[in-house]
There are 6 protein chains.
Amino acid sequence: VKTVAVRDVPRAAPEVIARLWTAGVATVHEAQGRIGLAKPYMRPAWSPASAAGSAVTVLTHPGDNWMLHVAVELCRFGDLLVVAMSSDNEDGAFGELLATSLKARGVMGLVIDAGCRDVAALRSMGFPVWSRAISAKGTVKATVGAVNLPIVVAGVSVYPGDVVVADEDGVVFVPRASAAAVADAAEAREAKEAVVRERLARGELGLDIYKMRESLERQGLVYVDSPEDAT
Amino acid sequence: VKTVAVRDVPRAAPEVIARLWTAGVATVHEAQGRIGLAKPYMRPAWSPASAAGSAVTVLTHPGDNWMLHVAVELCRFGDLLVVAMSSDNEDGAFGELLATSLKARGVMGLVIDAGCRDVAALRSMGFPVWSRAISAKGTVKATVGAVNLPIVVAGVSVYPGDVVVADEDGVVFVPRASAAAVADAAEAREAKEAVVRERLARGELGLDIYKMRESLERQGLVYVDSPEDAT
Amino acid sequence: VKTVAVRDVPRAAPEVIARLWTAGVATVHEAQGRIGLAKPYMRPAWSPASAAGSAVTVLTHPGDNWMLHVAVELCRFGDLLVVAMSSDNEDGAFGELLATSLKARGVMGLVIDAGCRDVAALRSMGFPVWSRAISAKGTVKATVGAVNLPIVVAGVSVYPGDVVVADEDGVVFVPRASAAAVADAAEAREAKEAVVRERLARGELGLDIYKMRESLERQGLVYVDSPEDAT
Amino acid sequence: VKTVAVRDVPRAAPEVIARLWTAGVATVHEAQGRIGLAKPYMRPAWSPASAAGSAVTVLTHPGDNWMLHVAVELCRFGDLLVVAMSSDNEDGAFGELLATSLKARGVMGLVIDAGCRDVAALRSMGFPVWSRAISAKGTVKATVGAVNLPIVVAGVSVYPGDVVVADEDGVVFVPRASAAAVADAAEAREAKEAVVRERLARGELGLDIYKMRESLERQGLVYVDSPEDAT
Amino acid sequence: VKTVAVRDVPRAAPEVIARLWTAGVATVHEAQGRIGLAKPYMRPAWSPASAAGSAVTVLTHPGDNWMLHVAVELCRFGDLLVVAMSSDNEDGAFGELLATSLKARGVMGLVIDAGCRDVAALRSMGFPVWSRAISAKGTVKATVGAVNLPIVVAGVSVYPGDVVVADEDGVVFVPRASAAAVADAAEAREAKEAVVRERLARGELGLDIYKMRESLERQGLVYVDSPEDAT
Amino acid sequence: VKTVAVRDVPRAAPEVIARLWTAGVATVHEAQGRIGLAKPYMRPAWSPASAAGSAVTVLTHPGDNWMLHVAVELCRFGDLLVVAMSSDNEDGAFGELLATSLKARGVMGLVIDAGCRDVAALRSMGFPVWSRAISAKGTVKATVGAVNLPIVVAGVSVYPGDVVVADEDGVVFVPRASAAAVADAAEAREAKEAVVRERLARGELGLDIYKMRESLERQGLVYVDSPEDAT
């Protein structure tokens with residue numbers, strides 16, 4: 001592990017972050033071609049929660065949250081802290097005190113591939129956290145890691161400055177360079193889905209709207225009238 | 001996998017479904033002899049949720065939700081869609097659009113041995129879903145499966161037309177042929193439990209109500225007065 | 001397994017239990033030197049929930065809840081029932097009837113390293129339960145175990161009469177002999193944290209408050225200005 | 001649970017069992033249309049192991065192996081015992097003594113969706129076992145279950161008399177009625193694969209043998225010469 | 001965590017350790033009343049492996065193996081090192097170098113509720129290890145723990161000087177005070193089982209040897225002749 | 001997902017690959033600063049196995065192995081195929097036929113974050129595979145993915161042309177650019193460890209060789225003579 005903290009990284013444009021936040025995790029994930037989604041074990045510590053921001057990345061170690069303190073200083077308004085562990089661990093590396101500190105700097109939330117604690121306080125503060133576990137197990141401050149280097153978090157390669165969108169459906173990461181294009185695609189998708197949703201709500205079938213009947217038949221689907229005919 | 005969709009299957013009587021719904025998962029499971037319960041990893045996507053219906057069964061494949069679109073057309077008011085995967089998978093094979101379509105047909109809810117997404121929208125719509133995961137991961141429409149054939153879902157063998165009851169305690173399936181008898185047994189059990197509950201609430205002991213003291217002693221239970229006497 | 005039920009065990013003082021309850025799981029765990037915390041798979045069956053009490057311990061077997069009925073009689077106002085299984089099992093060994101019985105005796109809640117059911121009823125009754133699963137799977141009453149002997153529950157060695165504190169952060173156990181000292185330490189910690197929290201809320205950094213900069217440098221942390229400098 | 005033991009069930013023809021055994025799990029699974037495969041957590045207790053037989057089915061309970069003793073009497077030469085639990089459990093419900101008894105009756109092996117013990121003795125005896133865990137945890141004999149009723153084991157619906165094939169790739173079940181047809185299909189598949197294997201071994205490509213190039217292009221696959229061209 | 005290393009602890013008598021080793025894990029576990037068995041995720045790093053010794057206990061932290069170095073010095077010929085983590089972790093806290101050091105002191109093996117590495121070297125050295133994972137992930141030496149205090153390892157409360165027996169069936173711990181009595185019970189059990197095994201091998205049924213038929217009937221087991229009679 | 005196959009990527013020098021292979025996974029992982037290690041759920045399909053090569057990367061989808069056929073053509077002697085899934089899946093996406101094809105091209109082995117099948121054949125062929133599961137479940141060829149783009153596999157970000165080293169301790173990836181330097185560091189480490197191993201084998205203590213006694217004391221470790229002194 002390179003023990004480096006990068007003071008400044010380029011951020012995504014706030015208005016693009018806002019557009020992606022509005023689109024939500026599921027739409028953003030689809031819009032960027034079904035990549036960048038954290039594994040589904042990442043869940044909000046309290047619900048309903050929703051946040052977006054520019055990633056400040058942290059790599060730390062099992063049972064050790066020292067680098068989170070280093071990261072706080074490098075965060076700005078509109079950032080969202082993203083924490084990876086050097087190996088799987090569920091200890092509560094984040095709690096009320098760090099949340100207080102991050103909130104004081106205008107940080108939008110936390111994504112941590114480990115545990116968090118002080119859930120009641122986090123909910124009271126309205127500070128959203130996505131984690132793999134809730135755990136009161138405290139952590140040491142003994143081994144240095146890195147801030148604002150590329151990390152792998154919950155199965156996704158994340159760079160500092162990437163856009164993070166998180167809600168009840170999970171967490172998705174969008175590379176800064178493609179964020180505006182993904183926001184465009186997400187909005188186009190939303191518009192198209194709104195029309196489809198309207199038609200479905202009125203009772204039209206997806207089979208007809210998406211014209212699936214022919215390809216289903218071509219792939220071998222056979223309709224029969226009753227269970228007896230199926231054998 | 002047989003690639004067949006069965007257009008029509010016998011349904012359980014609505015009034016029986018209603019009686020089983022009223023009894024709830026835990027009582028129904030006991031009443032039918034402790035069988036038919038989905039494994040406990042099946043959890044409601046939002047809470048509290050409760051639903052019952054006649055099973056329309058779907059067999060589909062990991063990362064593929066094509067057959068759900070086929071199933072929608074074969075659903076009626078009072079049905080509940082039950083989806084099995086050909087192998088373990090947590091992708092979000094179900095979301096707001098399919099829920100809109102099912103709701104428009106009067107479907108009572110969804111049980112899916114995979115993931116679902118758009119949790120906030122599902123809650124807003126009041127459309128209940130039981131799944132093994134929340135995941136925004138979208139799915140393809142590439143491989144055909146089956147609708148209304150027997151499936152195994154979360155460890156239970158389910159036939160189309162079986163009664164599904166689902167609430168915060170999980171999901172239970174009741175064969176159509178025995179549904180009325182199970183409803184009878186469930187109500188009898190409820191009546192008996194109401195009496196016991198009343199006695200327990202007044203401070204009587206289960207040990208006495210169920211007359212367990214003698215058999216406990218016969219099986220070797222020994223009472224001692226203090227920890228020192230136990231060694 | 002020794003098949004013994006111990007009628008009477010020493011309890012912790014109620015006022016100490018109350019002080020530990022007020023401090024909460026995360027603080028108590030830290031205050032007693034980061035030991036005694038149940039593994040994080042133990043979660044409240046409904047939220048938010050919070051309880052504390054004097055442990056009455058039960059050892060029972062997978063799929064069998066007979067000993068819980070034995071334990072009820074040995075519980076008093078202010079106790080909290082703690083149940084271990086002789087091997088891993090998620091069956092619903094606890095539900096509304098037992099909760100009714102425990103509530104009638106003034107028991108504060110339940111910690112069970114197995115499943116529980118009747119979640120809606122437990123919430124309605126306001127009876128808090130921490131468990132490893134929600135499962136409607138009923139259990140038999142066939143094999144005797146023990147009440148008020150030492151047990152291992154969710155990775156922690158627990159003695160009857162230990163203080164149990166449980167909330168949204170999990171479950172922690174405090175030996176009776178050290179409970180008062182841990183309460184002192186917890187309150188001292190709370191006081192100290194209140195000051196730190198205030199400073200953090202005003203924008204001071206943990207790096208400065210805890211004087212970490214020097215030791216971080218000594219351990220090899222290097223600051224660079226931009227991502228390019230990190231390679 | 002119906003507490004019944006069925007004395008006699010139809011068996012598959014021995015020569016069909018032998019043909020399916022020869023084909024092996026992976027080929028049989030493909031040949032019957034990719035159904036009937038136990039979840040991959042079912043592993044051989046010792047390796048390499050391979051067995052096939054006619055299923056005698058058992059339903060028993062977590063931590064209880066009483067019904068296995070009932071099943072032994074109902075087994076014949078060429079059978080293979082298949083054991084399901086009424087809920088997930090890893091206790092060692094099977095060991096050397098039961099293996100001795102089954103071997104004395106000519107039983108081919110055991111598939112158990114729970115734990116087994118005495119691994120060294122099983123290996124010495126050459127008695128193959130597929131289980132979800134190795135565990136020395138003994139079990140009680142307290143609750144009756146069923147023998148030779150339909151069960152769900154490791155995600156598959158199994159009927160008494162179905163053919164079981166198990167090897168290092170896992171466990172597959174073939175309904176008795178279709179066993180001969182599946183054996184035919186498996187052998188046809190083997191023959192076809194032998195030709196393909198030969199061609200692949202000589203360096204021909206699957207892309208060409210299966211003529212995939214055109215459909216890959218149609219589905220959108222693009223070839224570029226170097227990583228730089230991919231962005 | 002108390003940061004203490006206890007230099008000397010009472011050991012179990014070598015001849016008792018040898019007798020328990022001979023009996024093996026499954027028999028010892030039964031003989032002491034089905035307690036003291038490590039959870040079944042503890043598996044040998046290489047097979048077949050078998051060891052027994054007097055426990056030297058270590059408590060260390062996720063990702064940190066410092067205390068193992070402390071423990072080495074306190075080990076003697078005939079000891080077996082038993083390592084618990086303060087929270088779940090799979091890092092490779094043990095490898096070839098520590099094994100070399102332990103072997104030089106005559107230590108019989110290692111039980112570690114974490115990961116180990118250098119599997120090929122351990123096998124070559126014939127040094128047996130039971131662990132929850134194989135992982136090459138190295139660990140730091142930053143935080144002190146304890147040696148020869150009571151620990152909880154894989155669900156079992158272990159005291160320094162307890163007897164550890166480990167083989168392909170898992171790991172069992174026997175309190176020093178009861179070790180001789182357990183060895184007696186194990187040998188008695190072995191003798192009894194040898195007789196039963198002989199009878200089973202000759203084709204007698206457990207049903208008859210254990211006289212189970214009557215109690216099975218009393219508990220409700222019904223025999224029918226064919227599947228049709230079961231419905 | 002970008003549906004691209006990159007025909008040619010730079011490879012690491014064969015002699016560097018050989019040096020890293022000789023060093024082995026555990027040493028390489030340490031030598032490059034404890035990064036690049038696949039999560040420990042990646043295990044060899046048969047043992048003992050050991051391989052190294054230049055990574056050809058594949059991204060494919062749950063239940064779909066189409067892209068592996070595309071990848072074969074782009075492999076050369078000395079390569080090692082590395083396969084990531086777009087979401088978690090254990091299906092048997094790799095078996096004897098693909099192994100035959102890869103072997104015919106001189107590919108050294110396979111690392112796949114999914115399942116593999118035909119274990120007996122793979123062992124017979126001496127073709128090593130590291131996977132997260134053994135599963136006979138066949139896969140479709142329906143959805144295109146990518147070859148030789150960057151992927152995340154078992155928690156590690158991997159680029160085509162990176163060096164892969166895999167043995168019984170797991171799988172580690174080394175960026176091509178730093179491969180020679182890591183080989184140097186690994187060899188230096190091996191040399192140093194050989195000396196330490198020698199000293200440990202003769203009975204010297206790690207405590208003394210690494211001069212840990214003082215820092216242990218500074219961190220608070222206290223020695224006492226007997227268990228009684230520890231309380």
# chains A, B, ... in the order shown; residues from 1 in each chain; ligands from 1
$ interface_residues --of "chain A" --to "chain F" --cutoff "8 Å" --atoms "only C-alpha atoms" --output "list in words"
Val1, Lys2, Gln32, Gly33, Arg34, Ile35, Lys39, Ser86, Ser87, Val152, Val153, Ala154, Gly155, Val156 and Ser157 of chain A
$ write_last_selection --atoms "C-alpha atoms" --output "mmCIF file, in the first residue's frame"
data_model
loop_
_atom_site.group_PDB
_atom_site.id
_atom_site.type_symbol
_atom_site.label_atom_id
_atom_site.label_comp_id
_atom_site.auth_asym_id
_atom_site.auth_seq_id
_atom_site.Cartn_x
_atom_site.Cartn_y
_atom_site.Cartn_z
ATOM 1 C CA VAL A 1 0.000 0.000 0.000
ATOM 2 C CA LYS A 2 1.322 3.397 -0.993
ATOM 3 C CA GLN A 32 -23.910 4.112 -18.083
ATOM 4 C CA GLY A 33 -24.225 0.634 -19.518
ATOM 5 C CA ARG A 34 -24.750 -1.415 -16.366
ATOM 6 C CA ILE A 35 -21.339 -0.849 -14.846
ATOM 7 C CA LYS A 39 -22.155 -5.151 -4.710
ATOM 8 C CA SER A 86 -7.313 -3.727 2.425
ATOM 9 C CA SER A 87 -9.244 -6.904 3.304
ATOM 10 C CA VAL A 152 -11.605 -0.912 -5.330
ATOM 11 C CA VAL A 153 -14.718 -0.644 -3.188
ATOM 12 C CA ALA A 154 -17.432 -3.333 -3.048
ATOM 13 C CA GLY A 155 -16.253 -4.669 -6.408
ATOM 14 C CA VAL A 156 -15.936 -1.333 -8.249
ATOM 15 C CA SER A 157 -12.805 0.525 -9.279
#
$ residues_around --residues "Glu204 (chain D)" --least-positions-apart "2" --cutoff "12 Å" --atoms "only C-alpha atoms" --output "short mmCIF file (atom, residue, chain, number, x, y, z; two decimals) with N, CA and C atoms, in the first residue's frame"
data_model
loop_
_atom_site.label_atom_id
_atom_site.label_comp_id
_atom_site.auth_asym_id
_atom_site.auth_seq_id
_atom_site.Cartn_x
_atom_site.Cartn_y
_atom_site.Cartn_z
N VAL D 195 -15.92 -35.36 -30.46
CA VAL D 195 -15.46 -34.84 -31.75
C VAL D 195 -14.96 -33.40 -31.60
N VAL D 196 -15.77 -32.59 -30.90
CA VAL D 196 -15.38 -31.20 -30.70
C VAL D 196 -14.07 -31.11 -29.93
N ARG D 197 -13.95 -31.93 -28.89
CA ARG D 197 -12.75 -31.92 -28.06
C ARG D 197 -11.51 -32.21 -28.90
N GLU D 198 -11.68 -33.18 -29.77
CA GLU D 198 -10.59 -33.55 -30.68
C GLU D 198 -10.17 -32.36 -31.55
N ARG D 199 -11.16 -31.68 -32.08
CA ARG D 199 -10.85 -30.53 -32.95
C ARG D 199 -10.22 -29.39 -32.15
N LEU D 200 -10.76 -29.15 -30.95
CA LEU D 200 -10.19 -28.10 -30.10
C LEU D 200 -8.75 -28.44 -29.72
N ALA D 201 -8.50 -29.71 -29.45
CA ALA D 201 -7.16 -30.14 -29.04
C ALA D 201 -6.15 -29.92 -30.17
N ARG D 202 -6.66 -29.98 -31.39
CA ARG D 202 -5.76 -29.75 -32.55
C ARG D 202 -5.62 -28.27 -32.87
N GLY D 206 -13.37 -22.67 -30.95
CA GLY D 206 -14.81 -22.76 -30.71
C GLY D 206 -15.57 -21.75 -31.55
N LEU D 207 -15.00 -20.56 -31.67
CA LEU D 207 -15.63 -19.52 -32.50
C LEU D 207 -15.98 -20.04 -33.89
N ASP D 208 -15.10 -20.88 -34.45
CA ASP D 208 -15.33 -21.40 -35.80
C ASP D 208 -16.18 -22.66 -35.77
N ILE D 209 -15.87 -23.55 -34.85
CA ILE D 209 -16.63 -24.80 -34.77
C ILE D 209 -18.11 -24.51 -34.54
N TYR D 210 -18.38 -23.59 -33.63
CA TYR D 210 -19.79 -23.26 -33.32
C TYR D 210 -20.32 -22.12 -34.19
N LYS D 211 -19.50 -21.62 -35.09
CA LYS D 211 -19.91 -20.52 -35.99
C LYS D 211 -20.52 -19.35 -35.22
N HIS F 69 -15.13 -17.84 -25.23
CA HIS F 69 -14.81 -18.34 -26.57
C HIS F 69 -14.10 -17.28 -27.39
N VAL F 72 -10.38 -17.02 -26.16
CA VAL F 72 -9.44 -18.10 -26.52
C VAL F 72 -8.57 -17.70 -27.70
N GLU F 73 -9.22 -17.15 -28.72
CA GLU F 73 -8.49 -16.80 -29.95
C GLU F 73 -7.40 -15.76 -29.70
N LEU F 97 -13.96 -28.64 -22.26
CA LEU F 97 -13.76 -28.25 -23.65
C LEU F 97 -12.95 -26.96 -23.77
N LEU F 98 -13.34 -25.96 -22.99
CA LEU F 98 -12.57 -24.71 -23.02
C LEU F 98 -11.14 -24.94 -22.54
N THR F 100 -9.41 -27.67 -22.93
CA THR F 100 -8.72 -28.31 -24.05
C THR F 100 -8.25 -27.27 -25.05
N SER F 101 -9.14 -26.33 -25.33
CA SER F 101 -8.84 -25.30 -26.30
C SER F 101 -7.72 -24.38 -25.81
N LEU F 102 -7.78 -24.00 -24.55
CA LEU F 102 -6.74 -23.12 -23.99
C LEU F 102 -5.39 -23.84 -23.92
N LYS F 103 -5.45 -25.12 -23.54
CA LYS F 103 -4.19 -25.88 -23.45
C LYS F 103 -3.54 -25.98 -24.83
N ALA F 104 -4.36 -26.15 -25.85
CA ALA F 104 -3.83 -26.25 -27.21
C ALA F 104 -3.13 -24.97 -27.65
N ARG F 105 -3.44 -23.87 -26.96
CA ARG F 105 -2.78 -22.60 -27.30
C ARG F 105 -1.66 -22.27 -26.32
#
$ residues_around --residues "Val182 (chain A)" --least-positions-apart "4" --cutoff "7 Å" --atoms "only C-alpha atoms" --output "list in words"
Val28, Ala31, Gln32, Ser178 and Ala186 of chain A
$ residues_around --residues "Trp21 (chain F)" --least-positions-apart "2" --cutoff "9 Å" --atoms "only C-alpha atoms" --output "VMD selection string"
chain F and resid 16 to 19 23 to 25 28 50 to 53 164 to 167
$ closest_residue --among "C:Pro227, C:Gly170, C:Pro160, C:Gly115" --to "Val9 (chain C)" --atoms "only C-alpha atoms"
C:Pro160
$ closest_residue --among "E:Ala177, E:Met108, E:Ala93, E:Val171" --to "Thr231 (chain B)" --atoms "only C-alpha atoms"
E:Ala177
$ select_by_dssp --residues "region 63-109 of chain D" --states "strand (DSSP E or B)" --output "MDAnalysis selection string"
chainID D and resid 64 79:85 92
$ write_last_selection --atoms "N, CA and C atoms" --output "CSV table (one decimal), in the first residue's frame"
chain,number,residue,atom,x,y,z
D,64,ASP,N,-31.2,-33.6,14.3
D,64,ASP,CA,-31.9,-34.8,14.6
D,64,ASP,C,-31.7,-35.8,13.4
D,79,ASP,N,-29.2,-48.6,-4.0
D,79,ASP,CA,-29.8,-47.3,-3.6
D,79,ASP,C,-28.8,-46.3,-3.2
D,80,LEU,N,-29.2,-45.0,-3.1
D,80,LEU,CA,-28.4,-44.0,-2.6
D,80,LEU,C,-29.3,-43.1,-1.8
D,81,LEU,N,-28.8,-42.9,-0.5
D,81,LEU,CA,-29.7,-42.2,0.4
D,81,LEU,C,-29.6,-40.7,0.3
D,82,VAL,N,-30.7,-40.0,0.2
D,82,VAL,CA,-30.8,-38.6,0.0
D,82,VAL,C,-31.6,-37.9,1.1
D,83,VAL,N,-30.9,-37.1,1.9
D,83,VAL,CA,-31.5,-36.5,3.1
D,83,VAL,C,-31.7,-35.0,3.1
D,84,ALA,N,-32.9,-34.6,3.3
D,84,ALA,CA,-33.2,-33.2,3.4
D,84,ALA,C,-33.5,-32.8,4.9
D,85,MET,N,-33.2,-31.6,5.3
D,85,MET,CA,-33.6,-31.1,6.6
D,85,MET,C,-34.8,-30.2,6.5
D,92,GLY,N,-23.6,-32.8,12.3
D,92,GLY,CA,-23.1,-34.0,11.7
D,92,GLY,C,-24.0,-35.2,11.9
$ select_by_dssp --residues "region 151-217 of chain C" --states "helix (DSSP H, G or I)" --output "ChimeraX atom specification"
/C:176-201,206-209,213-217
$ residues_around --residues "Cys116 (chain D)" --least-positions-apart "6" --cutoff "7 Å" --atoms "only C-alpha atoms" --output "list in words"
Gly92, Ala93, Phe94, Gly95, Ser131, Ala133, Ile134 and Ser135 of chain D
$ write_last_selection --atoms "N, CA, C and O atoms" --output "CSV table (one decimal), in the first residue's frame"
chain,number,residue,atom,x,y,z
D,92,GLY,N,-23.6,-32.8,12.3
D,92,GLY,CA,-23.1,-34.0,11.7
D,92,GLY,C,-24.0,-35.2,11.9
D,92,GLY,O,-23.8,-36.1,12.7
D,93,ALA,N,-25.1,-35.2,11.1
D,93,ALA,CA,-26.2,-36.2,11.2
D,93,ALA,C,-25.8,-37.6,10.7
D,93,ALA,O,-26.6,-38.5,10.8
D,94,PHE,N,-24.6,-37.7,10.2
D,94,PHE,CA,-24.2,-39.0,9.6
D,94,PHE,C,-22.7,-39.2,9.9
D,94,PHE,O,-21.9,-38.3,9.7
D,95,GLY,N,-22.4,-40.5,10.2
D,95,GLY,CA,-21.1,-40.9,10.5
D,95,GLY,C,-20.8,-42.3,10.2
D,95,GLY,O,-21.5,-43.0,9.5
D,131,SER,N,-22.1,-33.6,1.2
D,131,SER,CA,-22.8,-32.8,2.3
D,131,SER,C,-22.5,-31.3,2.2
D,131,SER,O,-21.7,-30.9,1.4
D,133,ALA,N,-21.5,-29.6,4.8
D,133,ALA,CA,-20.5,-29.3,5.8
D,133,ALA,C,-19.9,-30.6,6.4
D,133,ALA,O,-20.5,-31.6,6.3
D,134,ILE,N,-18.7,-30.4,7.0
D,134,ILE,CA,-18.2,-31.5,7.9
D,134,ILE,C,-18.3,-31.0,9.3
D,134,ILE,O,-17.9,-29.9,9.6
D,135,SER,N,-19.0,-31.8,10.1
D,135,SER,CA,-19.2,-31.3,11.5
D,135,SER,C,-19.3,-32.5,12.4
D,135,SER,O,-20.0,-33.5,12.1
